[in-house]
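Pasting model_26.tsv here (TSV, C-alpha atoms):
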chain	number	residue	atom	x	y	z
A	495	MET	CA	64.49	-70.84	32.79
A	496	ASP	CA	65.43	-67.99	30.49
A	497	SER	CA	68.82	-69.51	29.88
A	498	ASP	CA	67.17	-72.80	28.88
A	499	GLU	CA	65.05	-71.11	26.22
A	500	GLY	CA	68.09	-69.96	24.31
A	501	SER	CA	69.59	-73.44	24.25
A	502	GLU	CA	66.68	-75.28	22.50
A	503	LEU	CA	67.69	-77.33	19.43
A	504	TYR	CA	65.38	-78.91	16.90
A	505	ALA	CA	65.82	-82.52	15.79
A	506	SER	CA	66.59	-81.49	12.21
A	507	ASP	CA	69.41	-79.26	13.36
A	508	VAL	CA	70.91	-82.07	15.40
A	509	GLU	CA	70.79	-84.58	12.53
A	510	HIS	CA	72.26	-82.08	10.06
A	511	ASN	CA	75.11	-81.17	12.35
A	512	TYR	CA	75.75	-84.84	13.13
A	513	ALA	CA	75.94	-85.85	9.47
A	514	THR	CA	78.21	-82.92	8.71
A	515	ASN	CA	80.53	-83.89	11.53
A	516	ILE	CA	80.70	-87.49	10.31
A	517	PHE	CA	81.80	-86.49	6.82
A	518	LYS	CA	84.32	-84.07	8.20
A	519	GLU	CA	85.78	-86.70	10.51
A	520	SER	CA	85.88	-89.24	7.72
A	521	GLU	CA	87.58	-86.84	5.38
A	522	THR	CA	90.20	-86.02	7.98
A	523	ASP	CA	90.76	-89.70	8.69
A	524	GLY	CA	91.11	-90.51	4.99
A	525	LEU	CA	88.24	-93.02	5.01
A	526	ILE	CA	86.22	-91.23	2.30
A	527	ASP	CA	88.15	-89.67	-0.54
A	528	SER	CA	85.20	-88.53	-2.60
A	529	TYR	CA	81.45	-88.87	-2.61
A	530	GLN	CA	79.77	-89.92	-5.90
A	531	PRO	CA	75.99	-90.15	-6.29
A	532	SER	CA	74.50	-93.40	-7.54
A	533	PHE	CA	73.48	-91.98	-10.93
A	534	ASP	CA	77.01	-90.68	-11.53
A	535	ALA	CA	78.42	-94.09	-10.62
A	536	TYR	CA	76.04	-95.73	-13.11
A	537	PHE	CA	77.11	-93.52	-16.01
A	538	THR	CA	80.77	-93.91	-15.08
A	539	HIS	CA	80.43	-97.69	-15.22
A	540	ALA	CA	78.35	-97.64	-18.42
A	541	SER	CA	80.84	-95.44	-20.24
A	542	SER	CA	83.68	-97.93	-19.77
A	543	ARG	CA	84.34	-100.32	-22.66
A	544	THR	CA	83.49	-103.98	-22.15
A	545	ARG	CA	86.15	-106.52	-22.99
A	546	THR	CA	85.15	-109.31	-25.36
A	547	SER	CA	87.01	-112.57	-25.18
A	548	THR	CA	88.73	-113.77	-28.34
A	549	ASN	CA	88.12	-117.40	-27.40
A	550	VAL	CA	85.51	-118.82	-29.80
A	551	PHE	CA	83.74	-121.98	-28.71
A	552	SER	CA	83.84	-123.50	-32.20
A	553	GLN	CA	87.61	-123.08	-32.23
A	554	ARG	CA	88.11	-124.65	-28.81
A	555	VAL	CA	86.02	-127.76	-29.42
A	556	VAL	CA	87.37	-130.14	-32.03
A	557	PRO	CA	84.62	-131.44	-34.40
A	558	LEU	CA	84.00	-135.17	-34.43
A	559	SER	CA	84.72	-137.39	-37.37
A	560	PRO	CA	81.95	-139.76	-38.58
A	561	GLU	CA	83.65	-142.68	-36.85
A	562	GLU	CA	83.93	-140.80	-33.54
A	563	HIS	CA	80.35	-139.60	-33.84
A	564	ASN	CA	78.98	-143.12	-34.34
A	565	ALA	CA	81.13	-144.50	-31.53
A	566	ALA	CA	79.90	-141.79	-29.16
A	567	LEU	CA	76.28	-142.57	-30.03
A	568	ALA	CA	76.87	-146.26	-29.41
A	569	ARG	CA	78.37	-145.56	-25.98
A	570	ALA	CA	75.61	-143.15	-25.05
A	571	SER	CA	72.81	-145.54	-26.03
A	572	VAL	CA	74.12	-148.18	-23.62
A	573	HIS	CA	73.87	-145.92	-20.55
A	574	ALA	CA	70.98	-143.78	-21.76
A	575	CYS	CA	67.97	-143.43	-19.50
A	576	THR	CA	65.28	-141.70	-21.52
A	577	PRO	CA	62.34	-140.29	-19.54
A	578	GLN	CA	58.95	-141.12	-20.94
A	579	VAL	CA	55.87	-138.92	-20.72
A	580	PRO	CA	52.79	-141.03	-19.98
A	581	PHE	CA	50.14	-140.89	-22.68
A	582	ASP	CA	46.49	-141.86	-22.49
A	583	ASN	CA	44.87	-143.27	-25.61
A	584	SER	CA	41.61	-141.65	-24.61
A	585	SER	CA	42.73	-138.58	-26.60
A	586	PHE	CA	42.21	-140.56	-29.80
A	587	LYS	CA	38.44	-140.06	-29.64
A	588	ARG	CA	38.85	-136.32	-29.26
A	589	TRP	CA	41.29	-136.13	-32.17
A	590	ALA	CA	38.98	-138.19	-34.37
A	591	ARG	CA	36.12	-135.87	-33.46
A	592	GLU	CA	38.19	-132.81	-34.39
A	593	LEU	CA	39.07	-134.37	-37.74
A	594	ASP	CA	35.40	-135.11	-38.36
A	595	GLU	CA	34.55	-131.46	-37.61
A	596	GLY	CA	36.70	-130.33	-40.54
A	597	PHE	CA	40.05	-129.62	-38.93
A	598	ASN	CA	43.47	-131.14	-39.53
A	599	ILE	CA	45.79	-131.76	-36.59
A	600	LEU	CA	49.43	-130.76	-36.31
A	601	PHE	CA	51.40	-132.21	-33.39
A	602	TYR	CA	54.47	-130.47	-32.00
A	603	GLY	CA	56.68	-130.97	-28.98
A	604	LEU	CA	59.94	-132.53	-27.89
A	605	GLY	CA	60.37	-136.21	-28.60
A	606	SER	CA	59.40	-138.72	-31.24
A	607	LYS	CA	55.67	-138.85	-31.95
A	608	ARG	CA	55.81	-141.71	-34.42
A	609	GLY	CA	54.58	-144.45	-32.09
A	610	ILE	CA	51.54	-142.51	-30.89
A	611	LEU	CA	50.55	-141.45	-34.42
A	612	ASN	CA	50.84	-145.04	-35.64
A	613	ASP	CA	48.49	-146.12	-32.84
A	614	PHE	CA	46.13	-143.33	-33.84
A	615	ALA	CA	46.26	-144.59	-37.42
A	616	LYS	CA	45.00	-147.98	-36.19
A	617	HIS	CA	42.22	-146.22	-34.30
A	618	VAL	CA	40.92	-144.28	-37.32
A	619	SER	CA	41.31	-147.26	-39.69
A	620	LYS	CA	37.79	-148.24	-38.62
A	621	LEU	CA	36.48	-144.95	-40.01
A	622	GLY	CA	38.11	-144.96	-43.45
A	623	HIS	CA	41.25	-145.61	-45.44
A	624	VAL	CA	44.64	-144.76	-43.89
A	625	VAL	CA	47.86	-143.76	-45.63
A	626	VAL	CA	51.02	-143.29	-43.53
A	627	VAL	CA	53.73	-141.05	-44.99
A	628	ASN	CA	57.24	-141.16	-43.49
A	629	ALA	CA	58.41	-137.70	-44.49
A	630	PHE	CA	61.64	-138.14	-42.54
A	631	HIS	CA	62.82	-140.67	-45.15
A	632	PRO	CA	64.97	-138.78	-47.68
A	633	SER	CA	63.73	-140.84	-50.64
A	634	VAL	CA	60.01	-140.30	-50.05
A	635	THR	CA	58.49	-138.08	-52.75
A	636	VAL	CA	55.08	-136.63	-53.58
A	637	ARG	CA	54.67	-139.32	-56.22
A	638	ASP	CA	55.13	-142.05	-53.58
A	639	MET	CA	52.34	-140.51	-51.52
A	640	LEU	CA	50.03	-140.30	-54.55
A	641	VAL	CA	50.77	-143.92	-55.51
A	642	SER	CA	49.76	-145.03	-52.01
A	643	ILE	CA	46.56	-142.96	-52.20
A	644	ALA	CA	45.82	-144.48	-55.61
A	645	ARG	CA	45.41	-147.89	-53.95
A	646	VAL	CA	42.19	-146.63	-52.37
A	647	PRO	CA	39.30	-148.06	-54.43
A	648	GLY	CA	37.87	-145.55	-56.87
A	649	VAL	CA	40.80	-143.12	-56.85
A	650	GLN	CA	42.83	-144.68	-59.64
A	651	SER	CA	41.36	-144.39	-63.09
A	652	THR	CA	42.24	-146.50	-66.12
A	653	SER	CA	45.57	-144.70	-66.41
A	654	THR	CA	48.55	-146.55	-64.99
A	655	SER	CA	50.33	-143.37	-63.87
A	656	ALA	CA	49.88	-141.89	-60.42
A	657	PRO	CA	46.89	-139.54	-60.02
A	658	THR	CA	47.47	-135.82	-59.70
A	659	LEU	CA	46.82	-133.81	-56.57
A	660	GLU	CA	43.78	-132.17	-58.17
A	661	ARG	CA	42.36	-135.58	-59.11
A	662	VAL	CA	42.72	-136.87	-55.55
A	663	ALA	CA	41.22	-133.71	-54.03
A	664	GLU	CA	38.23	-133.82	-56.42
A	665	HIS	CA	37.59	-137.50	-55.75
A	666	PHE	CA	37.38	-137.06	-51.97
A	667	ALA	CA	35.31	-133.88	-52.33
A	668	SER	CA	32.25	-135.81	-53.52
A	669	SER	CA	29.65	-136.69	-50.93
A	670	ASP	CA	29.71	-140.42	-51.65
A	671	SER	CA	33.51	-140.81	-51.45
A	672	PRO	CA	35.11	-142.63	-48.49
A	673	HIS	CA	37.15	-140.89	-45.84
A	674	LEU	CA	40.94	-140.79	-46.19
A	675	PHE	CA	43.23	-140.31	-43.20
A	676	LEU	CA	46.75	-139.11	-43.97
A	677	ILE	CA	49.22	-139.72	-41.14
A	678	VAL	CA	52.42	-137.77	-41.87
A	679	HIS	CA	55.50	-138.20	-39.71
A	680	SER	CA	57.95	-135.25	-39.50
A	681	LEU	CA	56.21	-133.09	-42.08
A	682	ASP	CA	58.83	-130.34	-41.68
A	683	ARG	CA	61.54	-132.64	-43.06
A	684	SER	CA	60.07	-132.42	-46.57
A	685	PRO	CA	58.89	-128.96	-47.70
A	686	LYS	CA	57.76	-130.43	-51.04
A	687	LEU	CA	55.41	-132.82	-49.27
A	688	ALA	CA	54.14	-129.97	-47.11
A	689	ARG	CA	53.28	-127.91	-50.20
A	690	ALA	CA	51.59	-130.90	-51.84
A	691	ILE	CA	49.51	-131.65	-48.76
A	692	SER	CA	48.21	-128.07	-48.76
A	693	SER	CA	46.35	-128.98	-51.97
A	694	LEU	CA	44.64	-131.92	-50.25
A	695	ALA	CA	44.03	-130.61	-46.75
A	696	LEU	CA	40.84	-128.67	-47.57
A	697	SER	CA	39.13	-131.56	-49.34
A	698	PRO	CA	36.09	-132.47	-47.20
A	699	HIS	CA	36.82	-136.19	-46.86
A	700	ILE	CA	40.61	-135.97	-46.45
A	701	HIS	CA	41.77	-135.77	-42.85
A	702	ILE	CA	45.43	-135.10	-42.00
A	703	ALA	CA	47.29	-135.73	-38.75
A	704	ALA	CA	50.92	-134.64	-39.03
A	705	SER	CA	53.87	-134.10	-36.71
A	706	ILE	CA	56.70	-131.57	-36.77
A	707	ASP	CA	60.04	-131.73	-34.98
A	708	ARG	CA	61.88	-128.47	-35.63
A	709	LEU	CA	61.44	-125.07	-34.03
A	710	ASN	CA	61.24	-123.24	-37.37
A	711	ALA	CA	58.61	-125.60	-38.81
A	712	PRO	CA	55.78	-123.00	-38.66
A	713	LEU	CA	57.70	-120.95	-41.23
A	714	LEU	CA	56.63	-123.52	-43.84
A	715	PHE	CA	53.06	-122.26	-43.68
A	716	SER	CA	51.88	-118.84	-44.81
A	717	ALA	CA	49.31	-116.83	-42.87
A	718	SER	CA	46.61	-117.39	-45.50
A	719	GLN	CA	47.23	-121.15	-45.50
A	720	LEU	CA	46.98	-121.28	-41.72
A	721	ALA	CA	43.76	-119.25	-41.75
A	722	ALA	CA	42.09	-121.46	-44.40
A	723	ARG	CA	39.25	-123.67	-43.21
A	724	LYS	CA	37.31	-126.52	-44.74
A	725	GLY	CA	33.77	-125.87	-45.87
A	726	SER	CA	31.28	-125.94	-48.68
A	727	PHE	CA	33.37	-123.44	-50.70
A	728	PHE	CA	35.60	-126.24	-52.01
A	729	SER	CA	35.41	-125.97	-55.80
A	730	SER	CA	36.86	-128.38	-58.30
A	731	ASP	CA	36.73	-125.66	-60.97
A	732	ARG	CA	39.20	-123.45	-59.13
A	733	PRO	CA	41.93	-125.66	-57.63
A	734	THR	CA	44.16	-122.69	-56.75
A	735	THR	CA	41.62	-121.51	-54.18
A	736	ASN	CA	41.65	-124.85	-52.37
A	737	VAL	CA	45.08	-124.42	-50.80
A	738	GLY	CA	45.49	-124.38	-47.03
A	739	TYR	CA	45.88	-126.55	-43.96
A	740	SER	CA	43.14	-125.83	-41.40
A	741	TRP	CA	45.48	-126.85	-38.57
A	742	LEU	CA	44.61	-127.45	-34.96
A	743	TRP	CA	47.84	-127.40	-32.95
A	744	HIS	CA	48.36	-130.00	-30.24
A	745	ASP	CA	51.32	-130.33	-27.88
A	746	LEU	CA	52.49	-133.95	-27.96
A	747	THR	CA	55.70	-133.89	-25.95
A	748	THR	CA	56.90	-137.45	-25.41
A	749	LEU	CA	60.65	-137.06	-24.69
A	750	ALA	CA	61.09	-140.29	-26.65
A	751	PRO	CA	64.30	-140.62	-28.71
A	752	TYR	CA	64.15	-140.03	-32.45
A	753	THR	CA	65.55	-143.48	-33.14
A	754	THR	CA	63.64	-144.24	-36.33
A	755	GLU	CA	63.63	-140.67	-37.60
A	756	LEU	CA	67.43	-140.36	-37.34
A	757	THR	CA	68.10	-143.73	-38.96
A	758	PHE	CA	68.19	-142.10	-42.38
A	759	ALA	CA	69.96	-138.92	-41.26
A	760	ASP	CA	73.25	-138.05	-42.91
A	761	ARG	CA	75.89	-138.61	-40.22
A	762	THR	CA	78.47	-136.73	-42.27
A	763	SER	CA	76.46	-133.51	-42.17
A	764	ILE	CA	77.93	-132.63	-38.78
A	765	SER	CA	80.66	-130.02	-38.69
A	766	GLY	CA	84.03	-131.35	-39.74
A	767	ALA	CA	82.72	-134.79	-40.64
A	768	SER	CA	82.15	-134.58	-44.35
A	769	SER	CA	83.08	-137.81	-46.10
A	770	SER	CA	83.33	-136.23	-49.52
A	771	ARG	CA	86.52	-137.10	-51.38
A	772	ALA	CA	86.17	-134.28	-53.82
A	773	ARG	CA	89.06	-131.94	-54.26
A	774	VAL	CA	89.18	-129.25	-51.61
A	775	ASP	CA	88.80	-125.91	-53.30
A	776	ILE	CA	90.57	-123.17	-51.39
A	777	THR	CA	88.33	-120.54	-52.91
A	778	ASN	CA	85.28	-122.53	-51.88
A	779	PRO	CA	85.56	-123.79	-48.27
A	780	VAL	CA	82.08	-125.32	-48.49
A	781	SER	CA	83.51	-128.26	-50.40
A	782	GLY	CA	84.25	-129.94	-47.07
A	783	PRO	CA	87.39	-131.16	-45.29
A	784	MET	CA	89.17	-134.48	-45.84
A	785	THR	CA	88.59	-137.27	-43.32
A	786	GLU	CA	90.94	-139.98	-42.05
A	787	THR	CA	88.95	-142.75	-43.71
A	788	ALA	CA	89.07	-141.06	-47.11
A	789	ALA	CA	92.79	-140.37	-46.69
A	790	MET	CA	93.52	-144.02	-45.91
A	791	HIS	CA	91.63	-145.11	-49.04
A	792	VAL	CA	93.69	-142.73	-51.18
A	793	LEU	CA	96.99	-143.80	-49.63
A	794	ALA	CA	96.14	-147.47	-50.12
A	795	ALA	CA	95.89	-146.92	-53.87
A	796	VAL	CA	99.14	-145.00	-54.48
A	797	THR	CA	102.71	-146.20	-54.97
A	798	ALA	CA	105.34	-146.60	-52.28
A	799	LYS	CA	107.16	-143.44	-53.38
A	800	ALA	CA	103.93	-141.46	-53.16
A	801	LYS	CA	103.42	-142.73	-49.60
A	802	LYS	CA	106.97	-141.67	-48.69
A	803	LEU	CA	106.33	-138.22	-50.15
A	804	PHE	CA	103.12	-137.90	-48.16
A	805	SER	CA	104.89	-138.98	-44.96
A	806	LEU	CA	107.62	-136.43	-45.62
A	807	LEU	CA	105.15	-133.58	-46.11
A	808	ALA	CA	103.12	-134.70	-43.09
A	809	ALA	CA	106.21	-134.82	-40.87
A	810	LYS	CA	107.20	-131.28	-41.83
A	811	GLN	CA	103.66	-130.02	-41.33
A	812	LEU	CA	103.49	-131.59	-37.86
A	813	GLU	CA	106.89	-130.11	-37.05
A	814	ASN	CA	105.65	-126.65	-38.00
A	815	ALA	CA	102.48	-127.15	-36.00
A	816	ASN	CA	104.42	-128.22	-32.90
A	817	SER	CA	106.65	-125.17	-33.12
A	818	SER	CA	103.69	-122.79	-33.55
A	819	ASP	CA	101.59	-121.17	-30.87
A	820	VAL	CA	98.99	-123.39	-29.21
A	821	SER	CA	96.17	-120.97	-30.02
A	822	GLU	CA	97.09	-121.08	-33.72
A	823	VAL	CA	96.98	-124.87	-33.74
A	824	ASN	CA	93.60	-124.96	-31.99
A	825	SER	CA	92.10	-122.47	-34.41
A	826	ALA	CA	93.26	-124.37	-37.53
A	827	HIS	CA	89.99	-126.10	-38.44
A	828	ASN	CA	89.89	-125.57	-42.21
A	829	PRO	CA	92.44	-125.53	-45.07
A	830	HIS	CA	92.77	-121.76	-44.90
A	831	ASP	CA	93.92	-121.89	-41.25
A	832	GLN	CA	96.43	-124.68	-41.88
A	833	GLN	CA	98.19	-122.95	-44.74
A	834	HIS	CA	100.88	-121.42	-42.53
A	835	PHE	CA	101.83	-124.95	-41.36
A	836	GLY	CA	102.54	-126.07	-44.93
A	837	LEU	CA	105.73	-126.31	-46.95
A	838	THR	CA	106.77	-124.40	-50.03
A	839	TYR	CA	107.12	-126.35	-53.25
A	840	ASP	CA	110.81	-125.57	-53.51
A	841	ALA	CA	111.47	-126.80	-49.98
A	842	LEU	CA	109.47	-129.98	-50.60
A	843	PHE	CA	111.37	-130.62	-53.85
A	844	THR	CA	114.70	-130.26	-52.03
A	845	LEU	CA	113.65	-132.71	-49.31
A	846	ALA	CA	112.23	-135.20	-51.84
A	847	ARG	CA	115.40	-135.05	-53.90
A	848	ASP	CA	117.61	-135.64	-50.86
A	849	ALA	CA	115.45	-138.61	-49.87
A	850	PHE	CA	115.63	-140.03	-53.44
A	851	ILE	CA	111.83	-139.82	-53.77
A	852	ALA	CA	111.75	-137.51	-56.80
A	853	THR	CA	114.86	-136.42	-58.67
A	854	ASN	CA	113.20	-133.86	-60.94
A	855	ASP	CA	110.26	-131.51	-61.10
A	856	THR	CA	108.22	-133.73	-63.41
A	857	ALA	CA	108.45	-136.72	-61.09
A	858	LEU	CA	107.43	-134.66	-58.05
A	859	ARG	CA	104.40	-133.15	-59.78
A	860	ALA	CA	103.35	-136.62	-60.96
A	861	LEU	CA	103.42	-137.90	-57.37
A	862	LEU	CA	101.53	-134.86	-56.09
A	863	GLY	CA	98.93	-135.11	-58.84
A	864	GLU	CA	97.18	-138.13	-57.32
A	865	PHE	CA	96.92	-136.44	-53.93
A	866	ARG	CA	95.69	-133.18	-55.43
A	867	ASP	CA	92.97	-134.90	-57.44
A	868	HIS	CA	91.54	-136.44	-54.28
A	869	GLY	CA	91.99	-133.35	-52.11
A	870	LEU	CA	94.56	-134.99	-49.83
A	871	VAL	CA	97.13	-132.29	-50.65
A	872	VAL	CA	96.08	-128.73	-51.44
A	873	SER	CA	98.08	-125.73	-52.53
A	874	ALA	CA	97.85	-121.97	-52.76
A	875	ALA	CA	100.05	-119.05	-53.65
A	876	GLN	CA	102.23	-117.92	-50.78
A	877	PRO	CA	101.23	-114.43	-49.60
A	878	GLY	CA	103.80	-111.74	-50.28
A	879	THR	CA	105.69	-113.71	-52.91
A	880	SER	CA	105.58	-113.82	-56.69
A	881	GLY	CA	104.30	-117.24	-57.76
A	882	SER	CA	105.69	-119.25	-54.82
A	883	GLU	CA	103.43	-122.21	-53.99
A	884	VAL	CA	102.62	-123.59	-50.53
A	885	LEU	CA	101.55	-127.23	-50.11
A	886	TRP	CA	99.84	-128.75	-47.08
A	887	ILE	CA	97.56	-131.59	-45.98
A	888	PRO	CA	94.04	-130.46	-44.99
A	889	LEU	CA	93.91	-132.43	-41.74
A	890	ARG	CA	94.15	-131.14	-38.21
A	891	LYS	CA	97.19	-131.89	-36.12
A	892	GLU	CA	95.74	-134.76	-34.07
A	893	ARG	CA	94.19	-136.45	-37.10
A	894	LEU	CA	97.34	-136.07	-39.16
A	895	SER	CA	99.42	-137.56	-36.35
A	896	LYS	CA	97.10	-140.55	-36.16
A	897	LEU	CA	97.29	-140.99	-39.93
A	898	VAL	CA	101.09	-140.93	-39.90
A	899	GLU	CA	101.15	-143.52	-37.12
A	900	ASN	CA	98.93	-145.82	-39.20
A	901	LEU	CA	101.26	-145.38	-42.17
A	902	ASP	CA	104.30	-146.25	-40.05
A	903	LYS	CA	102.58	-149.39	-38.76
A	904	ASP	CA	101.71	-150.49	-42.28
A	905	ALA	CA	105.30	-149.88	-43.42
A	906	THR	CA	106.71	-152.08	-40.67
Can you present the structure in this file as structure tokens?
Amino acid sequence: MDSDEGSELYASDVEHNYATNIFKESETDGLIDSYQPSFDAYFTHASSRTRTSTNVFSQRVVPLSPEEHNAALARASVHACTPQVPFDNSSFKRWARELDEGFNILFYGLGSKRGILNDFAKHVSKLGHVVVVNAFHPSVTVRDMLVSIARVPGVQSTSTSAPTLERVAEHFASSDSPHLFLIVHSLDRSPKLARAISSLALSPHIHIAASIDRLNAPLLFSASQLAARKGSFFSSDRPTTNVGYSWLWHDLTTLAPYTTELTFADRTSISGASSSRARVDITNPVSGPMTETAAMHVLAAVTAKAKKLFSLLAAKQLENANSSDVSEVNSAHNPHDQQHFGLTYDALFTLARDAFIATNDTALRALLGEFRDHGLVVSAAQPGTSGSEVLWIPLRKERLSKLVENLDKDAT
């Protein structure tokens, strides 16, 4: 029994010795080279530099031309299956009640709200006069809205001109005036209309139901205008104090397509689809790139020698693009990027002279003048040289190839 007393081991001693033996065996076997705590591993990983890819999405995806954009929309509309959010017209009574309580309603959410607001306009037409403003139309102005309001009996005075905002607000502030319901579609499309409506929104008998489509639309309204409320403080003597909106915000997500709202949208505003034929200014890239349609119109109006000169320059530019790196060709989206695919003026003059297109400098500059005026050929000083000029066509490789093929077909 005495010998047993000297051999007692506690559990902690056993576990400690066991763990120590494991690490020793592992180290001898080469399974564990070093032990690093978790916090050290975190800082080791965080201290390493992250690699950022040089591939830019805008450089990998080729922008659409207006023709390709319209064709894609036509194909998509055939197979489109647009989900519709069910809507109950019973909300019209609640909205009319909120308008009667002195609030104006602003509808937001994904999808066109035009159809529902037009139905609401029919509902409130029993309560007063209704004016519908299509703010998404680019030609709609504040004067157009005032002319429509002037058709309400009593608003228009003997003057034949449209009434002012102050005159309209004062008229509907009187207790015996009728109620006016303003239904505004896509208010955020016209900031001028939004500012004008702020002068009418606090008039007691003017009720506004408007819709917005963009995420940044709330930036049109200041905090004081949003906090303004209708009430007995409306004063015709101080029109500057009667500015505000008194909005109640309602989510009106319909998921309906913006078919009518986009009818008047500028299709050429998409990237790379500007239809402007103005001369491309190298110092001002905002002037917009040349399109195939505009190029074909220019080429149809020039002489046969000018067409041959253009085909010669285009062939050399395509040859340079084919011999260049693929990444350089993909990144050439604007005239600046395509400059290194161009041809020097001296080289172009030599080729034109050999092809009997232009035998002297005056003839060559005369042929190039028409293209330069329309932005079909642009030029810039060659870097690293004294006065040497580089000429090129501001079209991407695939569009230039298609244009040359059309020219060859017309020639045959």
- Pairwise distance, atom CA of A:Leu897 with atom CA of A:Ala568, equals 23.6 Å
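Straight-line separation from atom CA of A:Ser671 to atom CA of A:Arg588: 23.3 Å.
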- Selection near A:Leu696, 7 Å with all atoms listed in the file, sequence-local residues under 5 positions removed, as a ChimeraX atom specification: /A:723-724,736-739
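Of the residues under consideration (A:Lys903, A:Arg859, A:His834, A:Lys810), A:His834 shows the shortest atom-to-atom contact distance to A:Ala875 when counting all atoms listed in the file.
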- Using all atoms listed in the file, which of A:Asn598, A:Ser584, A:Ser668, A:Thr754 sits nearest A:Ser740? A:Asn598
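Among the candidates A:Asp613, A:Asp867, A:Glu755, A:Asp594, the one nearest to A:Asn628 when counting all atoms listed in the file is A:Glu755.
One finds atom CA of A:Phe630 at 22.1 Å from atom CA of A:Arg645.
Residues having any atom no farther than 12 Å from (109.2, -120.6, -45.1) (counting all atoms listed in the file) are Lys810, Gln811, Asn814, Gln833, His834, Phe835, Gly836, Leu837, Thr838, Tyr839, Asp840, Ala841, Leu842, Gln876, Pro877, Gly878, Thr879, Ser882, Glu883, Val884 and Leu885 of chain A.
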- Out of A:Ala860, A:Leu845, A:Ala788, A:Leu870, which residue has the shortest atom-to-atom distance to A:Ala809 when counting all atoms listed in the file?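 Once distances to A:Ala809 are computed over all atoms listed in the file, the minimum belongs to A:Leu845.
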- Which residue, A:Pro685, A:Gly596, A:Pro580, A:Gly603, has the smallest gap to A:Leu709 when you use only C-alpha atoms?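 Using only C-alpha atoms, the shortest distance to A:Leu709 belongs to A:Gly603.
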- Message: Taking all atoms listed in the file into account, name the residue in A:Leu901, A:Met639, A:Leu604, A:Val678 that is nearest to A:Ala794.
- Response: A:Leu901
- Which residues, written as a list in words, have at least one atom at most 8 Å from A:Pro672, with only C-alpha atoms counted and residues fewer than 4 positions away on the same chain left out?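 Contacts, with the query itself left out: Gly622, His623, Phe666 and His699 of chain A.
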- A:Leu862: which residues within 12 Å, counting all atoms listed in the file, same-chain residues fewer than 3 positions away excluded, as a VMD selection string? chain A and resid 793 796 to 797 799 to 804 807 839 842 to 843 846 851 to 852 855 to 859 865 to 873 885 to 887
